[in-house]
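Text of target16.cif, listed as mmCIF, C-alpha atoms:
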```
data_upload
#
loop_
_atom_site.label_atom_id
_atom_site.label_comp_id
_atom_site.auth_asym_id
_atom_site.auth_seq_id
_atom_site.Cartn_x
_atom_site.Cartn_y
_atom_site.Cartn_z
CA MET A 4 -23.52 -3.36 3.83
CA ASN A 5 -25.30 -5.73 6.21
CA LYS A 6 -25.95 -3.28 9.01
CA ARG A 7 -27.75 -4.94 11.92
CA ILE A 8 -28.60 -1.85 13.90
CA ILE A 9 -30.04 1.43 12.64
CA ALA A 10 -29.59 4.53 14.79
CA ILE A 11 -31.88 7.32 13.62
CA SER A 12 -31.24 10.87 14.74
CA ARG A 13 -33.99 13.27 13.67
CA GLN A 14 -35.11 16.87 13.77
CA PHE A 15 -38.30 17.28 15.79
CA GLY A 16 -41.26 17.10 13.40
CA SER A 17 -39.32 15.49 10.56
CA GLY A 18 -41.11 12.15 10.85
CA GLY A 19 -37.95 10.33 11.95
CA ARG A 20 -39.88 8.28 14.48
CA THR A 21 -42.38 7.09 11.84
CA ILE A 22 -39.50 6.29 9.49
CA GLY A 23 -37.83 4.25 12.24
CA LYS A 24 -41.01 2.33 12.98
CA GLU A 25 -41.80 1.62 9.31
CA THR A 26 -38.21 0.61 8.53
CA ALA A 27 -38.26 -1.83 11.46
CA ASP A 28 -41.60 -3.27 10.27
CA LYS A 29 -40.20 -3.67 6.76
CA LEU A 30 -37.10 -5.47 8.08
CA GLY A 31 -39.06 -7.51 10.64
CA ILE A 32 -37.02 -6.15 13.54
CA HIS A 33 -37.86 -4.14 16.65
CA CYS A 34 -37.98 -0.34 16.77
CA TYR A 35 -36.96 1.10 20.13
CA ASP A 36 -38.52 4.45 20.84
CA SER A 37 -41.26 4.49 23.49
CA GLU A 38 -40.21 0.94 24.45
CA LEU A 39 -36.73 2.24 25.10
CA ILE A 40 -38.23 4.79 27.48
CA GLU A 41 -40.04 1.96 29.31
CA LYS A 42 -36.81 -0.05 29.63
CA ILE A 43 -34.98 3.00 30.95
CA ALA A 44 -37.83 3.72 33.39
CA GLU A 45 -37.66 0.15 34.76
CA GLU A 46 -33.92 0.29 35.27
CA SER A 47 -33.53 3.87 36.44
CA GLY A 48 -36.71 4.43 38.43
CA PHE A 49 -37.23 7.76 36.68
CA ALA A 50 -40.74 8.63 35.45
CA LYS A 51 -41.38 8.00 31.74
CA GLU A 52 -42.28 11.67 31.23
CA TYR A 53 -38.96 12.73 32.75
CA ILE A 54 -37.04 10.25 30.55
CA ALA A 55 -38.92 11.28 27.39
CA GLU A 56 -38.06 14.91 28.00
CA ARG A 57 -34.71 14.87 29.79
CA GLY A 58 -33.15 11.90 27.98
CA GLU A 59 -32.77 14.05 24.85
CA TYR A 60 -33.28 17.69 25.80
CA THR A 61 -31.77 20.22 28.12
CA SER A 62 -34.27 22.02 30.31
CA GLY A 63 -33.55 25.34 28.64
CA GLY A 64 -32.73 28.56 30.43
CA ASN A 65 -29.23 28.57 31.92
CA TRP A 66 -29.05 24.78 31.76
CA PHE A 67 -25.30 24.40 31.42
CA ALA A 68 -24.67 26.29 34.65
CA GLY A 69 -27.33 24.14 36.37
CA ALA A 70 -25.98 20.91 34.91
CA LEU A 71 -22.54 21.76 36.22
CA SER A 72 -23.63 22.89 39.70
CA GLU A 73 -26.57 20.65 40.75
CA ARG A 74 -24.63 17.45 41.31
CA ASP A 75 -24.70 14.76 44.00
CA PHE A 76 -21.83 13.52 46.17
CA TYR A 77 -20.47 11.54 43.19
CA GLY A 78 -20.65 14.58 40.90
CA HIS A 79 -23.73 13.25 39.05
CA SER A 80 -26.86 15.22 38.21
CA ASN A 81 -30.16 13.36 37.70
CA GLN A 82 -29.68 13.85 33.99
CA ASP A 83 -26.20 12.26 34.20
CA SER A 84 -27.65 9.21 35.96
CA LEU A 85 -30.29 8.99 33.24
CA TRP A 86 -27.56 9.27 30.56
CA ILE A 87 -25.57 6.43 32.17
CA VAL A 88 -28.58 4.06 32.27
CA GLN A 89 -29.71 5.06 28.77
CA ARG A 90 -26.22 4.47 27.35
CA LYS A 91 -25.93 1.05 29.08
CA ILE A 92 -29.33 -0.10 27.76
CA ILE A 93 -28.57 1.04 24.19
CA LEU A 94 -25.21 -0.78 24.23
CA GLU A 95 -26.91 -3.95 25.54
CA LEU A 96 -29.70 -3.78 22.95
CA ALA A 97 -27.17 -3.45 20.09
CA GLU A 98 -25.31 -6.46 21.45
CA LYS A 99 -28.47 -8.52 21.85
CA GLU A 100 -30.60 -7.98 18.72
CA ASP A 101 -30.99 -6.39 15.27
CA CYS A 102 -33.06 -3.25 15.83
CA VAL A 103 -33.84 0.37 15.01
CA ILE A 104 -33.15 2.89 17.78
CA VAL A 105 -34.66 6.36 17.45
CA GLY A 106 -32.83 9.30 19.01
CA ARG A 107 -31.24 9.27 22.49
CA CYS A 108 -27.72 9.75 21.05
CA ALA A 109 -27.70 6.08 19.92
CA ASP A 110 -25.73 7.19 16.83
CA TYR A 111 -22.93 8.46 19.08
CA ILE A 112 -23.21 5.68 21.68
CA LEU A 113 -22.89 3.01 18.94
CA ARG A 114 -20.32 4.91 16.85
CA GLU A 115 -17.70 2.19 17.16
CA ARG A 116 -19.96 -0.59 15.91
CA GLU A 117 -19.25 -1.38 12.27
CA ASP A 118 -22.69 -2.99 12.06
CA CYS A 119 -24.57 0.21 12.99
CA LEU A 120 -26.02 2.46 10.28
CA ARG A 121 -26.24 6.09 11.41
CA VAL A 122 -28.99 8.13 9.73
CA PHE A 123 -30.00 11.77 10.16
CA VAL A 124 -33.58 12.70 9.17
CA TYR A 125 -34.48 16.35 8.63
CA ALA A 126 -37.00 18.57 6.83
CA ASP A 127 -37.60 22.26 6.30
CA MET A 128 -39.27 24.38 8.98
CA GLU A 129 -42.57 24.67 7.08
CA LYS A 130 -43.03 20.91 6.66
CA ARG A 131 -42.03 20.24 10.28
CA ALA A 132 -44.41 22.93 11.53
CA ASP A 133 -47.32 21.39 9.58
CA ARG A 134 -46.44 17.99 10.96
CA ILE A 135 -46.30 18.94 14.65
CA VAL A 136 -49.55 20.88 14.40
CA LYS A 137 -51.25 17.82 12.82
CA GLN A 138 -49.68 15.51 15.42
CA TYR A 139 -49.74 17.53 18.65
CA GLY A 140 -52.25 20.29 17.85
CA GLU A 141 -51.97 24.06 18.14
CA ARG A 142 -50.37 25.70 21.18
CA SER A 143 -50.19 29.24 22.46
CA VAL A 144 -46.65 29.53 21.02
CA SER A 145 -46.20 29.18 17.22
CA PRO A 146 -45.03 25.81 15.84
CA GLU A 147 -41.89 27.53 14.48
CA LYS A 148 -41.02 28.82 17.95
CA ARG A 149 -41.66 25.33 19.43
CA LEU A 150 -39.39 23.76 16.79
CA ARG A 151 -36.57 26.28 17.31
CA ASP A 152 -36.75 25.69 21.07
CA LYS A 153 -36.71 21.88 20.68
CA ASP A 154 -33.80 22.02 18.19
CA LYS A 155 -31.81 24.27 20.50
CA ARG A 156 -32.35 22.12 23.60
CA ARG A 157 -31.69 18.85 21.75
CA ALA A 158 -28.46 20.22 20.25
CA ALA A 159 -27.34 21.46 23.70
CA TYR A 160 -28.04 18.05 25.29
CA TYR A 161 -26.19 16.26 22.50
CA GLN A 162 -23.21 18.57 22.73
CA PHE A 163 -23.04 18.13 26.51
CA TYR A 164 -23.03 14.31 26.50
CA THR A 165 -21.18 13.55 23.24
CA GLU A 166 -18.13 14.95 21.47
CA TRP A 167 -20.19 15.46 18.30
CA LYS A 168 -22.14 18.42 16.96
CA TRP A 169 -25.78 17.39 16.62
CA GLY A 170 -26.84 17.07 12.97
CA ASP A 171 -23.30 17.31 11.55
CA VAL A 172 -23.66 15.02 8.50
CA GLN A 173 -20.00 13.99 8.69
CA ASN A 174 -21.02 11.74 11.60
CA TYR A 175 -23.70 9.90 9.61
CA HIS A 176 -23.78 7.38 6.77
CA LEU A 177 -26.52 9.45 5.17
CA ALA A 178 -28.93 12.32 5.79
CA LEU A 179 -32.45 12.30 4.36
CA ASN A 180 -34.77 15.24 3.79
CA SER A 181 -38.09 13.55 4.62
CA GLY A 182 -40.00 16.67 3.63
CA LEU A 183 -38.67 16.50 0.07
CA ILE A 184 -38.32 12.78 -0.59
CA GLY A 185 -41.18 11.53 1.58
CA ILE A 186 -41.44 9.01 4.42
CA ASP A 187 -41.82 5.92 2.17
CA LYS A 188 -38.69 6.63 0.11
CA CYS A 189 -36.71 7.26 3.30
CA VAL A 190 -37.81 3.84 4.57
CA ASP A 191 -36.84 2.15 1.26
CA ILE A 192 -33.39 3.77 1.23
CA ILE A 193 -32.57 2.88 4.85
CA ALA A 194 -33.89 -0.68 4.46
CA GLN A 195 -31.74 -1.33 1.37
CA LEU A 196 -28.59 -0.49 3.34
CA CYS A 197 -29.28 -3.33 5.79
CA MET B 17 -40.44 10.84 -7.40
CA ASN B 18 -39.71 10.94 -11.14
CA LYS B 19 -36.84 13.39 -11.04
CA ARG B 20 -35.48 14.08 -14.51
CA ILE B 21 -32.36 15.99 -13.56
CA ILE B 22 -29.83 15.16 -10.87
CA ALA B 23 -27.62 17.95 -9.54
CA ILE B 24 -24.71 16.54 -7.56
CA SER B 25 -22.74 18.80 -5.26
CA ARG B 26 -19.69 17.10 -3.78
CA GLN B 27 -16.73 17.57 -1.50
CA PHE B 28 -13.45 17.37 -3.39
CA GLY B 29 -12.17 13.79 -3.20
CA SER B 30 -15.53 12.29 -2.21
CA GLY B 31 -16.04 10.49 -5.53
CA GLY B 32 -19.07 12.63 -6.43
CA ARG B 33 -17.95 12.83 -10.05
CA THR B 34 -17.70 9.03 -10.35
CA ILE B 35 -21.10 8.68 -8.66
CA GLY B 36 -22.58 11.15 -11.16
CA LYS B 37 -21.09 9.31 -14.13
CA GLU B 38 -22.17 5.84 -12.91
CA THR B 39 -25.68 7.05 -12.02
CA ALA B 40 -26.05 8.54 -15.50
CA ASP B 41 -24.83 5.26 -17.08
CA LYS B 42 -27.31 3.30 -14.96
CA LEU B 43 -30.18 5.57 -16.00
CA GLY B 44 -29.04 5.79 -19.62
CA ILE B 45 -28.78 9.55 -19.52
CA HIS B 46 -25.93 12.03 -19.98
CA CYS B 47 -23.57 13.16 -17.20
CA TYR B 48 -22.35 16.73 -17.63
CA ASP B 49 -19.01 17.33 -16.01
CA SER B 50 -16.07 17.77 -18.40
CA GLU B 51 -18.58 18.07 -21.25
CA LEU B 52 -20.17 20.97 -19.43
CA ILE B 53 -16.77 22.64 -19.33
CA GLU B 54 -16.46 22.15 -23.11
CA LYS B 55 -19.89 23.69 -23.71
CA ILE B 56 -19.03 26.64 -21.49
CA ALA B 57 -15.67 27.06 -23.28
CA GLU B 58 -17.38 27.17 -26.68
CA GLU B 59 -19.91 29.75 -25.58
CA SER B 60 -17.72 31.93 -23.37
CA GLY B 61 -14.37 31.76 -25.14
CA PHE B 62 -12.65 31.09 -21.81
CA ALA B 63 -9.98 28.37 -21.68
CA LYS B 64 -11.12 25.00 -20.32
CA GLU B 65 -8.50 25.16 -17.56
CA TYR B 66 -9.82 28.55 -16.46
CA ILE B 67 -13.41 27.26 -16.45
CA ALA B 68 -12.51 24.08 -14.58
CA GLU B 69 -10.84 26.10 -11.86
CA ARG B 70 -12.75 29.39 -11.73
CA GLY B 71 -16.23 28.06 -12.44
CA GLU B 72 -16.32 26.52 -8.95
CA TYR B 73 -13.51 28.00 -6.90
CA THR B 74 -12.36 31.38 -5.75
CA SER B 75 -8.73 32.12 -6.45
CA GLY B 76 -7.87 32.21 -2.76
CA GLY B 77 -6.02 35.03 -1.03
CA ASN B 78 -8.09 38.18 -0.62
CA TRP B 79 -10.46 37.06 -3.36
CA PHE B 80 -13.58 38.87 -2.17
CA ALA B 81 -11.82 42.25 -2.32
CA GLY B 82 -10.55 41.39 -5.84
CA ALA B 83 -13.93 40.10 -6.99
CA LEU B 84 -15.53 43.34 -5.89
CA SER B 85 -12.90 45.68 -7.33
CA GLU B 86 -11.66 44.14 -10.62
CA ARG B 87 -14.80 44.76 -12.69
CA ASP B 88 -15.39 45.96 -16.25
CA PHE B 89 -17.50 48.88 -17.43
CA TYR B 90 -20.67 46.83 -16.81
CA GLY B 91 -19.54 45.90 -13.32
CA HIS B 92 -18.65 42.32 -14.33
CA SER B 93 -15.46 40.45 -13.45
CA ASN B 94 -14.29 37.59 -15.71
CA GLN B 95 -15.62 35.21 -13.11
CA ASP B 96 -19.03 36.91 -13.22
CA SER B 97 -19.13 36.52 -17.03
CA LEU B 98 -18.24 32.86 -16.59
CA TRP B 99 -20.99 32.49 -13.95
CA ILE B 100 -23.56 34.04 -16.32
CA VAL B 101 -22.69 31.68 -19.22
CA GLN B 102 -22.46 28.66 -16.89
CA ARG B 103 -25.87 29.45 -15.39
CA LYS B 104 -27.47 29.93 -18.82
CA ILE B 105 -26.09 26.61 -20.15
CA ILE B 106 -27.19 24.69 -17.03
CA LEU B 107 -30.74 26.13 -17.29
CA GLU B 108 -30.87 25.23 -21.00
CA LEU B 109 -29.60 21.68 -20.39
CA ALA B 110 -32.24 21.07 -17.71
CA GLU B 111 -34.89 22.30 -20.10
CA LYS B 112 -33.63 20.16 -22.97
CA GLU B 113 -32.80 16.71 -21.56
CA ASP B 114 -32.78 14.34 -18.59
CA CYS B 115 -29.23 14.46 -17.21
CA VAL B 116 -26.83 14.45 -14.27
CA ILE B 117 -24.93 17.68 -13.66
CA VAL B 118 -21.91 17.56 -11.35
CA GLY B 119 -21.02 20.68 -9.36
CA ARG B 120 -21.03 24.23 -10.76
CA CYS B 121 -23.84 25.31 -8.40
CA ALA B 122 -26.37 23.40 -10.55
CA ASP B 123 -28.24 22.52 -7.33
CA TYR B 124 -28.81 26.22 -6.64
CA ILE B 125 -29.33 27.23 -10.29
CA LEU B 126 -32.04 24.55 -10.70
CA ARG B 127 -33.55 25.01 -7.20
CA GLU B 128 -36.97 25.99 -8.55
CA ARG B 129 -37.34 22.92 -10.75
CA GLU B 130 -39.57 20.32 -9.11
CA ASP B 131 -38.02 17.70 -11.39
CA CYS B 132 -34.47 18.25 -10.12
CA LEU B 133 -33.01 16.00 -7.40
CA ARG B 134 -30.34 17.79 -5.34
CA VAL B 135 -27.70 15.51 -3.81
CA PHE B 136 -24.69 16.31 -1.62
CA VAL B 137 -21.86 13.74 -1.59
CA TYR B 138 -19.24 13.88 1.17
CA ALA B 139 -16.72 11.70 2.99
CA ASP B 140 -14.32 12.03 5.88
CA MET B 141 -10.93 13.71 5.45
CA GLU B 142 -8.97 10.43 5.58
CA LYS B 143 -10.96 8.75 2.81
CA ARG B 144 -10.86 11.88 0.64
CA ALA B 145 -7.10 12.24 1.17
CA ASP B 146 -6.52 8.61 0.09
CA ARG B 147 -8.68 9.18 -2.96
CA ILE B 148 -6.97 12.34 -4.23
CA VAL B 149 -3.51 10.83 -3.73
CA LYS B 150 -4.57 7.75 -5.75
CA GLN B 151 -6.20 9.94 -8.41
CA TYR B 152 -3.89 12.95 -8.68
CA GLY B 153 -0.71 11.70 -7.00
CA GLU B 154 1.39 13.19 -4.20
CA ARG B 155 2.19 16.92 -4.10
CA SER B 156 4.55 19.03 -2.06
CA VAL B 157 1.62 20.05 0.19
CA SER B 158 -0.20 17.35 2.18
CA PRO B 159 -3.50 16.00 0.77
CA GLU B 160 -5.28 17.28 3.91
CA LYS B 161 -4.01 20.80 3.25
CA ARG B 162 -5.05 20.53 -0.43
CA LEU B 163 -8.54 19.40 0.62
CA ARG B 164 -8.96 22.15 3.21
CA ASP B 165 -7.90 24.73 0.61
CA LYS B 166 -10.29 23.35 -2.04
CA ASP B 167 -13.20 23.19 0.45
CA LYS B 168 -12.57 26.76 1.55
CA ARG B 169 -12.36 28.16 -1.98
CA ARG B 170 -15.38 26.21 -3.21
CA ALA B 171 -17.47 27.34 -0.23
CA ALA B 172 -16.41 30.96 -0.83
CA TYR B 173 -17.33 30.76 -4.53
CA TYR B 174 -20.70 29.19 -3.71
CA GLN B 175 -21.48 31.77 -1.06
CA PHE B 176 -20.58 34.62 -3.42
CA TYR B 177 -22.82 33.49 -6.32
CA THR B 178 -25.72 31.88 -4.46
CA GLU B 179 -27.77 32.70 -1.37
CA TRP B 180 -27.03 29.27 0.06
CA LYS B 181 -24.33 27.99 2.39
CA TRP B 182 -22.35 25.31 0.54
CA GLY B 183 -23.00 21.83 1.95
CA ASP B 184 -25.96 22.87 4.13
CA VAL B 185 -28.07 19.68 3.94
CA GLN B 186 -31.30 21.63 4.31
CA ASN B 187 -30.86 22.61 0.64
CA TYR B 188 -30.62 19.00 -0.57
CA HIS B 189 -32.99 16.07 -0.95
CA LEU B 190 -30.32 13.86 0.58
CA ALA B 191 -26.66 13.77 1.59
CA LEU B 192 -24.56 10.62 1.16
CA ASN B 193 -21.32 9.72 2.92
CA SER B 194 -19.59 7.91 0.04
CA GLY B 195 -16.69 6.97 2.30
CA LEU B 196 -18.99 4.99 4.59
CA ILE B 197 -21.64 3.60 2.24
CA GLY B 198 -19.52 3.22 -0.89
CA ILE B 199 -19.82 4.50 -4.47
CA ASP B 200 -22.10 1.68 -5.70
CA LYS B 201 -24.71 2.14 -2.95
CA CYS B 202 -24.72 5.90 -3.55
CA VAL B 203 -25.45 5.22 -7.23
CA ASP B 204 -28.27 2.76 -6.34
CA ILE B 205 -29.89 5.22 -3.92
CA ILE B 206 -29.78 8.18 -6.32
CA ALA B 207 -31.01 6.10 -9.27
CA GLN B 208 -34.02 4.80 -7.32
CA LEU B 209 -35.18 8.36 -6.68
CA CYS B 210 -35.49 9.00 -10.43
#
```

Could you render the structure as structure tokens?
Amino acid sequence: MNKRIIAISRQFGSGGRTIGKETADKLGIHCYDSELIEKIAEESGFAKEYIAERGEYTSGGNWFAGALSERDFYGHSNQDSLWIVQRKIILELAEKEDCVIVGRCADYILREREDCLRVFVYADMEKRADRIVKQYGERSVSPEKRLRDKDKRRAAYYQFYTEWKWGDVQNYHLALNSGLIGIDKCVDIIAQLC
Amino acid sequence: MNKRIIAISRQFGSGGRTIGKETADKLGIHCYDSELIEKIAEESGFAKEYIAERGEYTSGGNWFAGALSERDFYGHSNQDSLWIVQRKIILELAEKEDCVIVGRCADYILREREDCLRVFVYADMEKRADRIVKQYGERSVSPEKRLRDKDKRRAAYYQFYTEWKWGDVQNYHLALNSGLIGIDKCVDIIAQLC
């Protein structure tokens, strides 16, 4: 298929980031995840923490109302400005080099590129809960509650900035259940499509 | 992963049947599709045409009301009797030999088998429409209408006899967009998981 760019969309806790990194290593190309945040920070002036959180998630609560009301003279919210920079950088990266891009609506942003493979990585709640507890530790709220909240806010962000429903497999070349087939097999499958 | 049995669920017109057959050939195992219908016919006494149609699809119209009312002394409809035989044969096959089983809720029926790989094959409406016109020819109704009708009746059947939502990727090891990645790559990916 000779795809040059791999856009990985993933459920929180599914290991999508690790799969992106390991696929990039296997292919000898760059994986843009935290480095993408750095690039966006340089260009936008926003803090990395703000980009990490607000470049993929709504703030929760009555976010839609806020997103529609809190806008500057040009009708942009901070999150809109972040979206514009993020989109520009992702388009430039895809033009410039073969790479893996994790999250940040890259699948949607690069939808018209024939050379972009769009992958959705998911897993069941139990496996994701184990993973986030191992990775980020226990919190006062249960891992299941944290996952439901993340899923909800990511889906709302995606819906607001794209015309796609987040996680709808019809928009992807393939969807992989990392909890059932394992990280290594996911990497092998994605790599063989490039 | 050493999966012995592959249960392929597919959208009508996605080429799932061809993928099942070619994967079985590649692995040197049997693919049960039309042969499954023959086995069910022998054991149930139902006509092959009836099994082909009613072993995966509701009859449309107000089917749920019919399915709940038209029942024999034991509370079974013909379609229930067919479901019972179909389920029994699929469980026996999985016990007896390594194989690929296409459709017929085999994914759900074999859900507790660790050695069963559950795959969902799909494609976009345009590609599926092209495929069914090539395969089954033109009809008075448009291919898109035929596909929507088939999808609706298959989903209704699945929902009635299983506790799963048809096509929900969470129930599968992986989901493959045959329209975007092609039949051959789908076969390669499935085969490498066995």

Contacts between chain B and chain A, please, where a residue of chain A counts if it comes within 6 Å (with all atoms listed in the file); show its shortest atom pair and distance in Å to one decimal, rows by chain and ascending number, as JSON lines.
```
{"residue": "A:His176", "atom": "CA", "partner": "B:Asn193", "partner_atom": "CA", "distance": 5.1}
{"residue": "A:Leu177", "atom": "CA", "partner": "B:Leu192", "partner_atom": "CA", "distance": 4.6}
{"residue": "A:Ala178", "atom": "CA", "partner": "B:Ala191", "partner_atom": "CA", "distance": 5.0}
{"residue": "A:Leu179", "atom": "CA", "partner": "B:Leu190", "partner_atom": "CA", "distance": 4.6}
{"residue": "A:Asn180", "atom": "CA", "partner": "B:His189", "partner_atom": "CA", "distance": 5.1}
{"residue": "A:Leu183", "atom": "CA", "partner": "B:His189", "partner_atom": "CA", "distance": 5.8}
```

Residues in the PyMOL selection byres ((chain A and resi 108-112) around 10), expressed as number ranges by chain: A: 8-12, 58-59, 86, 89-91, 93-94, 97, 103-107, 113-116, 119-123, 157, 160-161, 164-167, 169, 174-175

Distance in Å - atom CA of Ala207 of chain B versus atom CA of Ile35 of chain B: 10.3 Å

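The spacing separating atom CA of Lys42 of chain B from atom CA of Glu111 of chain B amounts to 21.1 Å.
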
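The spacing separating atom CA of Ile67 of chain B from atom CA of Ile53 of chain B amounts to 6.4 Å.
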
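Picked out by the PyMOL selection byres ((chain B and resi 113) around 9) when it runs on this file: Arg20, Ile21, Ile45, His46, Glu108, Leu109, Ala110, Glu111, Lys112, Asp114 and Cys115 of chain B.
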
Which residues fall under the PyMOL selection byres ((chain A and resi 131-141) around 12) in this file, as a PyMOL selection string? chain A and resi 13-19+21+124-130+142-151+153-154+180-183

Excluding Leu98 of chain B and residues on its chain fewer than 2 positions from it, collect all residues at most 12 Å away from it, counting all atoms listed in the file, and give them as a ChimeraX atom specification. /B:53,55-64,66-73,92-96,100-105,120,177
